[in-house]
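Data file: structure.cif. Format and content: mmCIF, C-alpha atoms.
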data_my_file
loop_
_atom_site.group_PDB
_atom_site.id
_atom_site.type_symbol
_atom_site.label_atom_id
_atom_site.label_comp_id
_atom_site.auth_asym_id
_atom_site.auth_seq_id
_atom_site.Cartn_x
_atom_site.Cartn_y
_atom_site.Cartn_z
ATOM 1 C CA MET E 509 19.840 -6.138 -70.574
ATOM 2 C CA ALA E 510 16.957 -4.506 -68.750
ATOM 3 C CA ALA E 511 17.704 -1.270 -66.891
ATOM 4 C CA SER E 512 17.481 -1.458 -63.124
ATOM 5 C CA ALA E 513 16.699 1.117 -60.464
ATOM 6 C CA PRO E 514 19.586 3.125 -58.982
ATOM 7 C CA PRO E 515 20.684 1.887 -55.547
ATOM 8 C CA PRO E 516 19.055 3.899 -52.761
ATOM 9 C CA VAL E 517 21.270 6.018 -50.501
ATOM 10 C CA LEU E 518 20.973 5.016 -46.881
ATOM 11 C CA PRO E 519 20.002 7.712 -44.394
ATOM 12 C CA PRO E 520 22.572 8.691 -41.748
ATOM 13 C CA GLN E 521 22.639 6.174 -38.923
ATOM 14 C CA THR E 522 24.917 7.944 -36.469
ATOM 15 C CA LEU E 523 25.950 11.434 -35.389
ATOM 16 C CA ARG E 524 29.024 11.809 -33.215
ATOM 17 C CA SER E 525 29.274 13.853 -30.050
ATOM 18 C CA SER E 526 31.191 17.126 -30.008
ATOM 19 C CA GLN E 527 34.944 17.209 -29.484
ATOM 20 C CA ILE E 528 37.239 19.968 -28.294
ATOM 21 C CA ALA E 529 37.827 21.142 -31.890
ATOM 22 C CA ASP E 530 34.063 21.493 -32.423
ATOM 23 C CA LEU E 531 33.687 23.507 -29.213
ATOM 24 C CA LEU E 532 36.586 25.715 -30.269
ATOM 25 C CA GLY E 533 34.943 26.229 -33.657
ATOM 26 C CA TRP E 534 31.706 27.179 -31.936
ATOM 27 C CA TRP E 535 33.563 29.583 -29.622
ATOM 28 C CA LEU E 536 35.224 31.185 -32.645
ATOM 29 C CA GLY E 537 31.879 31.548 -34.392
ATOM 30 C CA ARG E 538 32.607 28.968 -37.092
ATOM 31 C CA ARG E 539 29.913 26.629 -35.855
ATOM 32 C CA ARG E 540 26.296 27.389 -34.999
ATOM 33 C CA ARG E 541 24.179 25.495 -32.529
ATOM 34 C CA PHE E 542 20.530 24.600 -32.938
ATOM 35 C CA ARG E 543 17.950 22.804 -30.834
ATOM 36 C CA VAL E 544 15.844 20.128 -32.507
ATOM 37 C CA ILE E 545 12.067 20.485 -32.317
ATOM 38 C CA GLY E 546 9.784 17.739 -33.614
ATOM 39 C CA GLN E 547 10.057 14.046 -34.239
ATOM 40 C CA SER E 548 10.956 13.658 -37.896
ATOM 41 C CA MET E 549 14.648 12.954 -37.177
ATOM 42 C CA GLN E 550 14.016 10.148 -34.717
ATOM 43 C CA PRO E 551 15.613 7.792 -33.872
ATOM 44 C CA LEU E 552 18.869 9.669 -34.610
ATOM 45 C CA LEU E 553 17.900 12.964 -32.971
ATOM 46 C CA GLN E 554 15.400 13.373 -30.180
ATOM 47 C CA PRO E 555 13.334 16.527 -29.665
ATOM 48 C CA GLY E 556 15.281 18.907 -27.408
ATOM 49 C CA GLU E 557 18.746 17.710 -28.479
ATOM 50 C CA GLU E 558 21.212 20.280 -29.745
ATOM 51 C CA VAL E 559 23.492 20.048 -32.758
ATOM 52 C CA LEU E 560 26.377 22.052 -34.193
ATOM 53 C CA ILE E 561 26.405 22.950 -37.870
ATOM 54 C CA ASN E 562 29.153 24.169 -40.163
ATOM 55 C CA PRO E 563 27.673 27.130 -42.064
ATOM 56 C CA GLN E 564 30.674 27.178 -44.448
ATOM 57 C CA ALA E 565 30.376 23.519 -45.435
ATOM 58 C CA TYR E 566 28.796 24.108 -48.834
ATOM 59 C CA ARG E 567 30.694 27.204 -49.892
ATOM 60 C CA GLN E 568 33.322 25.134 -51.704
ATOM 61 C CA ARG E 569 31.586 21.823 -52.295
ATOM 62 C CA LEU E 570 28.134 20.500 -53.050
ATOM 63 C CA PRO E 571 26.072 18.591 -50.490
ATOM 64 C CA GLN E 572 26.350 14.825 -50.766
ATOM 65 C CA PRO E 573 23.532 12.293 -50.424
ATOM 66 C CA GLY E 574 23.491 11.132 -46.813
ATOM 67 C CA ASP E 575 24.503 14.545 -45.394
ATOM 68 C CA LEU E 576 22.552 15.931 -42.468
ATOM 69 C CA VAL E 577 21.661 19.553 -43.164
ATOM 70 C CA VAL E 578 19.828 22.564 -41.811
ATOM 71 C CA ALA E 579 17.798 24.352 -44.479
ATOM 72 C CA GLN E 580 15.264 27.122 -44.825
ATOM 73 C CA HIS E 581 11.754 25.928 -45.629
ATOM 74 C CA PRO E 582 11.120 26.979 -49.271
ATOM 75 C CA GLY E 583 7.673 28.338 -48.451
ATOM 76 C CA GLN E 584 8.459 29.813 -45.019
ATOM 77 C CA PRO E 585 11.902 31.447 -45.040
ATOM 78 C CA ASP E 586 11.865 32.010 -41.270
ATOM 79 C CA LEU E 587 11.344 28.293 -40.616
ATOM 80 C CA ARG E 588 14.559 26.264 -40.330
ATOM 81 C CA LEU E 589 14.418 22.554 -40.966
ATOM 82 C CA ILE E 590 16.799 19.748 -40.096
ATOM 83 C CA LYS E 591 16.753 16.941 -42.683
ATOM 84 C CA TRP E 592 19.045 14.635 -44.615
ATOM 85 C CA VAL E 593 19.939 14.802 -48.309
ATOM 86 C CA ALA E 594 18.301 11.830 -50.037
ATOM 87 C CA TYR E 595 19.658 12.768 -53.463
ATOM 88 C CA ARG E 596 20.953 15.742 -55.374
ATOM 89 C CA GLN E 597 20.115 16.830 -58.896
ATOM 90 C CA GLY E 598 22.437 19.587 -60.040
ATOM 91 C CA GLU E 599 22.321 22.117 -57.217
ATOM 92 C CA ALA E 600 18.908 21.046 -55.963
ATOM 93 C CA CYS E 601 18.745 18.754 -52.956
ATOM 94 C CA PHE E 602 15.873 16.432 -52.179
ATOM 95 C CA LEU E 603 15.509 16.460 -48.398
ATOM 96 C CA ARG E 604 13.903 13.787 -46.267
ATOM 97 C CA GLY E 605 13.197 13.176 -42.594
ATOM 98 C CA LEU E 606 14.388 10.013 -40.907
ATOM 99 C CA ASN E 607 11.082 9.170 -39.291
ATOM 100 C CA GLU E 608 9.298 9.395 -42.604
ATOM 101 C CA THR E 609 5.759 8.995 -41.400
ATOM 102 C CA ALA E 610 6.327 12.033 -39.182
ATOM 103 C CA SER E 611 8.121 14.187 -41.676
ATOM 104 C CA THR E 612 7.150 17.097 -43.866
ATOM 105 C CA ASP E 613 9.968 17.233 -46.391
ATOM 106 C CA SER E 614 10.771 17.451 -50.101
ATOM 107 C CA ARG E 615 7.896 15.087 -50.801
ATOM 108 C CA THR E 616 5.715 18.020 -49.762
ATOM 109 C CA PHE E 617 7.714 21.107 -50.665
ATOM 110 C CA GLY E 618 9.914 19.792 -53.467
ATOM 111 C CA PRO E 619 13.698 20.037 -53.885
ATOM 112 C CA VAL E 620 15.617 22.753 -52.064
ATOM 113 C CA GLY E 621 18.250 24.970 -53.725
ATOM 114 C CA ARG E 622 21.803 25.195 -52.449
ATOM 115 C CA ALA E 623 21.248 28.777 -51.294
ATOM 116 C CA ALA E 624 18.576 27.583 -48.860
ATOM 117 C CA LEU E 625 21.026 25.283 -47.083
ATOM 118 C CA LEU E 626 22.252 26.957 -43.915
ATOM 119 C CA GLY E 627 24.947 24.370 -43.285
ATOM 120 C CA GLN E 628 25.898 20.801 -42.599
ATOM 121 C CA VAL E 629 25.184 19.185 -39.241
ATOM 122 C CA ILE E 630 28.530 17.891 -37.981
ATOM 123 C CA CYS E 631 27.884 16.724 -34.412
ATOM 124 C CA ARG E 632 25.539 16.841 -31.476
ATOM 125 C CA LEU E 633 26.119 19.125 -28.492
ATOM 126 C CA PRO E 634 27.552 18.087 -26.123
ATOM 127 C CA MET K 310 33.029 18.605 -16.129
ATOM 128 C CA LEU K 311 33.093 20.237 -19.561
ATOM 129 C CA LYS K 312 29.956 18.343 -20.516
ATOM 130 C CA GLN K 313 28.184 19.625 -17.410
ATOM 131 C CA ALA K 314 29.274 23.170 -18.152
ATOM 132 C CA ILE K 315 27.911 22.911 -21.681
ATOM 133 C CA SER K 316 24.627 21.462 -20.416
ATOM 134 C CA GLN K 317 24.314 24.344 -17.944
ATOM 135 C CA PHE K 318 25.071 26.831 -20.709
ATOM 136 C CA GLN K 319 22.400 25.191 -22.892
ATOM 137 C CA THR K 320 19.854 25.573 -20.096
ATOM 138 C CA TRP K 321 20.682 29.225 -19.587
ATOM 139 C CA PHE K 322 20.941 30.107 -23.277
ATOM 140 C CA PRO K 323 18.610 27.954 -25.382
ATOM 141 C CA ALA K 324 19.763 27.562 -28.972
ATOM 142 C CA PRO K 325 17.621 28.723 -31.903
ATOM 143 C CA ALA K 326 15.227 26.039 -33.083
ATOM 144 C CA VAL K 327 15.477 23.813 -36.122
ATOM 145 C CA HIS K 328 12.329 21.945 -36.953
ATOM 146 C CA ALA K 329 12.249 18.250 -37.496
ATOM 147 C CA HIS K 330 8.764 19.002 -38.659
ATOM 148 C CA CYS K 331 5.947 16.626 -38.016
ATOM 149 C CA ASP K 332 2.670 16.180 -39.848
ATOM 150 C CA GLY K 333 1.392 13.281 -37.788
ATOM 151 C CA PRO K 334 3.016 9.849 -37.611
ATOM 152 C CA CYS K 335 -0.101 8.003 -38.689
ATOM 153 C CA GLY K 336 1.724 5.080 -40.308
ATOM 154 C CA VAL K 337 -1.379 4.228 -42.331
ATOM 155 C CA TYR K 338 -0.587 2.825 -45.772
ATOM 156 C CA ASP K 339 -2.776 1.154 -48.351
ATOM 157 C CA PRO K 340 -2.084 0.627 -52.058
ATOM 158 C CA SER K 341 -5.783 1.123 -52.773
ATOM 159 C CA SER K 342 -5.260 4.889 -53.056
ATOM 160 C CA ALA K 343 -2.847 4.230 -55.949
ATOM 161 C CA ARG K 344 -5.288 1.722 -57.422
ATOM 162 C CA VAL K 345 -8.193 4.197 -57.482
ATOM 163 C CA ALA K 346 -6.044 6.816 -59.235
ATOM 164 C CA ALA K 347 -4.670 4.253 -61.715
ATOM 165 C CA GLU K 348 -8.225 3.161 -62.507
ATOM 166 C CA ALA K 349 -9.096 6.766 -63.280
ATOM 167 C CA VAL K 350 -6.109 6.932 -65.644
ATOM 168 C CA LEU K 351 -7.326 3.812 -67.450
ATOM 169 C CA SER K 352 -10.887 5.127 -67.596
ATOM 170 C CA MET K 353 -9.828 8.510 -69.004
ATOM 171 C CA THR K 354 -7.559 6.828 -71.542
ATOM 172 C CA LYS K 355 -10.473 4.727 -72.786
ATOM 173 C CA LYS K 356 -12.760 7.733 -72.933
ATOM 174 C CA LEU K 357 -10.195 9.727 -74.904
ATOM 175 C CA LEU K 358 -9.766 6.903 -77.393
ATOM 176 C CA ASP K 359 -13.544 6.535 -77.771
ATOM 177 C CA LEU K 360 -14.160 10.220 -78.278
ATOM 178 C CA GLU K 361 -15.448 10.886 -81.792
ATOM 179 C CA PRO K 362 -14.348 14.120 -83.472
ATOM 180 C CA PRO K 363 -17.244 16.381 -84.542
ATOM 181 C CA ALA K 364 -18.328 16.970 -88.117
ATOM 182 C CA ALA K 365 -16.450 19.763 -89.866
ATOM 183 C CA GLY K 366 -18.192 23.132 -89.633
ATOM 184 C CA ASP K 367 -20.246 22.312 -86.534
ATOM 185 C CA LYS K 368 -18.916 24.965 -84.215
ATOM 186 C CA ALA K 369 -20.936 24.021 -81.143
ATOM 187 C CA ALA K 370 -19.994 20.357 -81.491
ATOM 188 C CA SER K 371 -16.358 21.327 -82.009
ATOM 189 C CA ILE K 372 -16.334 23.418 -78.831
ATOM 190 C CA ALA K 373 -17.985 20.611 -76.874
ATOM 191 C CA TYR K 374 -15.508 18.096 -78.281
ATOM 192 C CA HIS K 375 -12.443 20.143 -77.406
ATOM 193 C CA ASN K 376 -13.811 20.949 -73.980
ATOM 194 C CA THR K 377 -14.448 17.290 -73.231
ATOM 195 C CA PHE K 378 -11.100 16.231 -74.700
ATOM 196 C CA SER K 379 -9.298 18.801 -72.543
ATOM 197 C CA ARG K 380 -11.121 17.700 -69.404
ATOM 198 C CA TYR K 381 -10.353 14.033 -69.983
ATOM 199 C CA THR K 382 -6.701 14.831 -70.662
ATOM 200 C CA ALA K 383 -6.406 17.025 -67.570
ATOM 201 C CA ILE K 384 -7.945 14.333 -65.356
ATOM 202 C CA LYS K 385 -5.693 11.654 -66.852
ATOM 203 C CA GLU K 386 -2.654 13.845 -66.180
ATOM 204 C CA GLU K 387 -3.725 14.629 -62.623
ATOM 205 C CA GLN K 388 -4.619 11.052 -61.693
ATOM 206 C CA ALA K 389 -1.391 9.655 -63.172
ATOM 207 C CA GLN K 390 0.552 12.072 -60.959
ATOM 208 C CA ILE K 391 -1.536 11.036 -57.933
ATOM 209 C CA THR K 392 -0.810 7.384 -58.748
ATOM 210 C CA LYS K 393 2.897 8.164 -58.893
ATOM 211 C CA ASP K 394 2.824 10.111 -55.611
ATOM 212 C CA GLU K 395 0.957 7.337 -53.821
ATOM 213 C CA LEU K 396 3.349 4.685 -55.135
ATOM 214 C CA LEU K 397 6.418 6.697 -54.156
ATOM 215 C CA ILE K 398 5.096 7.143 -50.621
ATOM 216 C CA LEU K 399 4.631 3.385 -50.336
ATOM 217 C CA TRP K 400 8.060 2.719 -51.831
ATOM 218 C CA THR K 401 10.028 5.176 -49.741
ATOM 219 C CA ASP K 402 8.037 5.206 -46.495
ATOM 220 C CA TYR K 403 6.399 1.849 -45.978
ATOM 221 C CA PHE K 404 8.845 -0.614 -47.482
ATOM 222 C CA LYS K 405 11.947 -1.435 -45.446
ATOM 223 C CA PRO K 406 15.162 -3.379 -46.218
ATOM 224 C CA VAL K 407 13.637 -6.534 -44.734
ATOM 225 C CA HIS K 408 10.924 -6.418 -47.419
ATOM 226 C CA LEU K 409 13.603 -6.155 -50.091
ATOM 227 C CA GLU K 410 15.036 -9.461 -48.898
ATOM 228 C CA GLN K 411 11.594 -10.990 -49.273
ATOM 229 C CA PHE K 412 10.939 -9.348 -52.661
ATOM 230 C CA PRO K 413 14.274 -8.723 -54.409
ATOM 231 C CA ASP K 414 12.589 -7.073 -57.420
ATOM 232 C CA LEU K 415 10.821 -4.520 -55.200
ATOM 233 C CA HIS K 416 12.860 -1.523 -56.379
ATOM 234 C CA ASP K 417 12.558 -2.512 -60.014
ATOM 235 C CA THR K 418 8.790 -3.004 -59.654
ATOM 236 C CA PHE K 419 8.271 0.452 -58.178
ATOM 237 C CA TRP K 420 10.658 2.112 -60.584
ATOM 238 C CA LYS K 421 8.873 0.638 -63.591
ATOM 239 C CA ALA K 422 5.454 1.473 -62.123
ATOM 240 C CA ALA K 423 6.535 5.099 -61.663
ATOM 241 C CA LYS K 424 7.793 5.139 -65.263
ATOM 242 C CA LEU K 425 4.402 3.831 -66.403
ATOM 243 C CA CYS K 426 2.713 6.734 -64.579
ATOM 244 C CA SER K 427 4.846 9.095 -66.634
ATOM 245 C CA ALA K 428 4.097 7.198 -69.856
ATOM 246 C CA CYS K 429 0.364 7.441 -69.152
ATOM 247 C CA LYS K 430 0.692 11.186 -68.736
ATOM 248 C CA VAL K 431 2.673 11.683 -71.941
ATOM 249 C CA GLU K 432 0.632 9.315 -74.124
ATOM 250 C CA VAL K 433 -2.936 8.182 -74.663
ATOM 251 C CA SER K 434 -1.946 4.531 -74.492
ATOM 252 C CA LEU K 435 -4.394 1.811 -73.554
ATOM 253 C CA GLN K 436 -1.514 -0.656 -73.330
ATOM 254 C CA HIS K 437 0.425 1.442 -70.834
ATOM 255 C CA ALA K 438 -2.713 2.200 -68.795
ATOM 256 C CA HIS K 439 -3.367 -1.548 -68.522
ATOM 257 C CA GLU K 440 0.280 -2.186 -67.647
ATOM 258 C CA LEU K 441 0.021 0.460 -64.910
ATOM 259 C CA MET K 442 -2.974 -1.355 -63.431
ATOM 260 C CA GLU K 443 -1.026 -4.626 -63.568
ATOM 261 C CA ALA K 444 1.916 -2.963 -61.811
ATOM 262 C CA VAL K 445 -0.364 -1.592 -59.080
ATOM 263 C CA GLN K 446 -1.917 -5.044 -58.702
ATOM 264 C CA LYS K 447 1.551 -6.558 -58.294
ATOM 265 C CA ILE K 448 2.395 -3.962 -55.631
ATOM 266 C CA HIS K 449 -0.942 -4.691 -53.919
ATOM 267 C CA GLY K 450 0.095 -8.354 -53.729
ATOM 268 C CA ILE K 451 3.563 -7.554 -52.372
ATOM 269 C CA PHE K 452 2.238 -5.013 -49.866
ATOM 270 C CA TRP K 453 -0.346 -7.316 -48.280
ATOM 271 C CA ALA K 454 2.066 -10.258 -48.351
ATOM 272 C CA THR K 455 4.457 -8.241 -46.155
ATOM 273 C CA LYS K 456 1.613 -7.847 -43.667
ATOM 274 C CA ASN K 457 0.707 -11.542 -43.870
ATOM 275 C CA ARG K 458 -2.787 -10.598 -44.863
ATOM 276 C CA ASP K 459 -4.848 -12.088 -47.636
ATOM 277 C CA VAL K 460 -6.500 -9.076 -49.259
ATOM 278 C CA SER K 461 -7.957 -9.918 -52.632
ATOM 279 C CA TRP K 462 -7.519 -7.564 -55.557
ATOM 280 C CA TYR K 463 -10.584 -5.730 -56.752
ATOM 281 C CA THR K 464 -11.377 -2.708 -58.874
ATOM 282 C CA ALA K 465 -14.077 -0.107 -58.478
ATOM 283 C CA SER K 466 -14.933 0.091 -62.159
#

Hey, can you dump this file as structure tokens for me?
Amino acid sequence: MAASAPPPVLPPQTLRSSQIADLLGWWLGRRRRFRVIGQSMQPLLQPGEEVLINPQAYRQRLPQPGDLVVAQHPGQPDLRLIKWVAYRQGEACFLRGLNETASTDSRTFGPVGRAALLGQVICRLP
Amino acid sequence: MLKQAISQFQTWFPAPAVHAHCDGPCGVYDPSSARVAAEAVLSMTKKLLDLEPPAAGDKAASIAYHNTFSRYTAIKEEQAQITKDELLILWTDYFKPVHLEQFPDLHDTFWKAAKLCSACKVEVSLQHAHELMEAVQKIHGIFWATKNRDVSWYTAS
């Protein structure tokens, strides 16, 4: 039988709004908030929207394909990116934008190591 | 109430930025860029196969031979990678689930074409270089069919 291509992972379609527990986590310093700049995560996230991330998310487990993440740009450590994990190979994640024609991502800068992931995006704020 | 308070807080204390970085949503796709690179792979493969080794003891001819061989190989390698990059951009950026319904073997076609790019890098294979051109031609047909445009296949060489 001929081999066939692996099924593609679908990008995230939704991101929930924050709940009381998320706000409490933020207040306790267990969540960090960021403001989205740029258009590569449209239509899910619009420029100017804010999100909360869990910086501890990948301490115990590896990122999964489909996760929304905030990562450091491999070539510009002071530049934070918001992307989704298209696939993972070992500890390296291949990151993509949602609006692919408007995205600079792993197609340009290659896979990103686990250490460069600043956390998982868990909800929008508010 | 809580939502309003958060919104007010966000206005007063803007959050640090995360970049959903943009390099221009041009949306311009054309399989011809893959075709040009694949043609270069085929051309370099032919040239490598046609290259005659120099007579033993002719140092100048030997240097020229190895220099030419290296250049052809480097170009073949580079153009095969460009072909792969161009195909992957088409596959992942242009094609949408609706196209998959129209062409159920779309994923398999691209996957095999990308594998052929790798084979053309690893080998000096006329067969695989021709198969890569055939794969790019097939993708050309699929691509323009999704746009309901009749664009005939042609090659530069």

Check every residue of chain K for an atom within 12 Å of chain E, counting all atoms listed in the file, and provide those that qualify as an MDAnalysis selection string.
-> chainID K and resid 310:320 322:338 393:395 397:406 409 413:424

Any idea what the distance is between atom CA of K:Tyr463 and atom CA of K:His449?
-> 10.1 Å

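Going from atom CA of E:Pro563 over to atom CA of E:Asp530, you cover 12.9 Å.
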
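Nearest-residue note for E:Thr522: choosing from E:Pro582, E:Ala594, E:Val629, E:Ile561, the minimum distance belongs to E:Val629, counting all atoms listed in the file.
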
If the PyMOL selection byres ((chain K and resi 354) around 10) is run on the structure shown, which residues does it catch, given as an MDAnalysis selection string?
-> chainID K and resid 348:353 355:359 381:382 384:385 429:430 432:439

Within 8 Å of K:Thr392, counting all atoms listed in the file, which residues show up once you throw out same-chain ones fewer than 3 positions away? Write them as a ChimeraX atom specification, please.
-> /K:342-344,346-347,388-389,395-396,426

Could you tell me how far atom CA of K:Leu360 lies from atom CA of K:Trp462, in Å and to one decimal?
-> 29.6 Å

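Of the residues under consideration (E:Gly537, E:Leu626, E:Cys631, E:Gln527), E:Leu626 shows the shortest atom-to-atom contact distance to E:Asp586 when counting all atoms listed in the file.
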
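Among the candidates K:Pro340, K:Thr455, K:Val445, K:Val431, the residue lying nearest to K:Glu386 is K:Val431 (atoms considered: only C-alpha atoms).
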
Mind giving me the axis-aligned box for stretch 342-359 of chain K with 6 Å on every side, centre plus edges in Å to one decimal, as AutoDock Vina command-line options?
--center_x -8.2 --center_y 5.7 --center_z -65.4 --size_x 22.7 --size_y 20.0 --size_z 36.7

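For the residues K:Arg380, K:Lys447, K:Phe452, K:Arg458, ranking by smallest atom-to-atom distance to K:His408 using all atoms listed in the file places K:Phe452 first.
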
Can you list what the PyMOL selection byres ((chain E and resi 572) around 8) grabs from this structure, as an mmCIF file with C-alpha atoms, in the coordinates of the input?
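Writing the result to result-v1.cif gives the following:
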data_model
loop_
_atom_site.group_PDB
_atom_site.id
_atom_site.type_symbol
_atom_site.label_atom_id
_atom_site.label_comp_id
_atom_site.auth_asym_id
_atom_site.auth_seq_id
_atom_site.Cartn_x
_atom_site.Cartn_y
_atom_site.Cartn_z
ATOM 1 C CA LEU E 570 28.134 20.500 -53.050
ATOM 2 C CA PRO E 571 26.072 18.591 -50.490
ATOM 3 C CA PRO E 573 23.532 12.293 -50.424
ATOM 4 C CA GLY E 574 23.491 11.132 -46.813
ATOM 5 C CA ASP E 575 24.503 14.545 -45.394
ATOM 6 C CA VAL E 593 19.939 14.802 -48.309
ATOM 7 C CA TYR E 595 19.658 12.768 -53.463
ATOM 8 C CA ARG E 596 20.953 15.742 -55.374
#
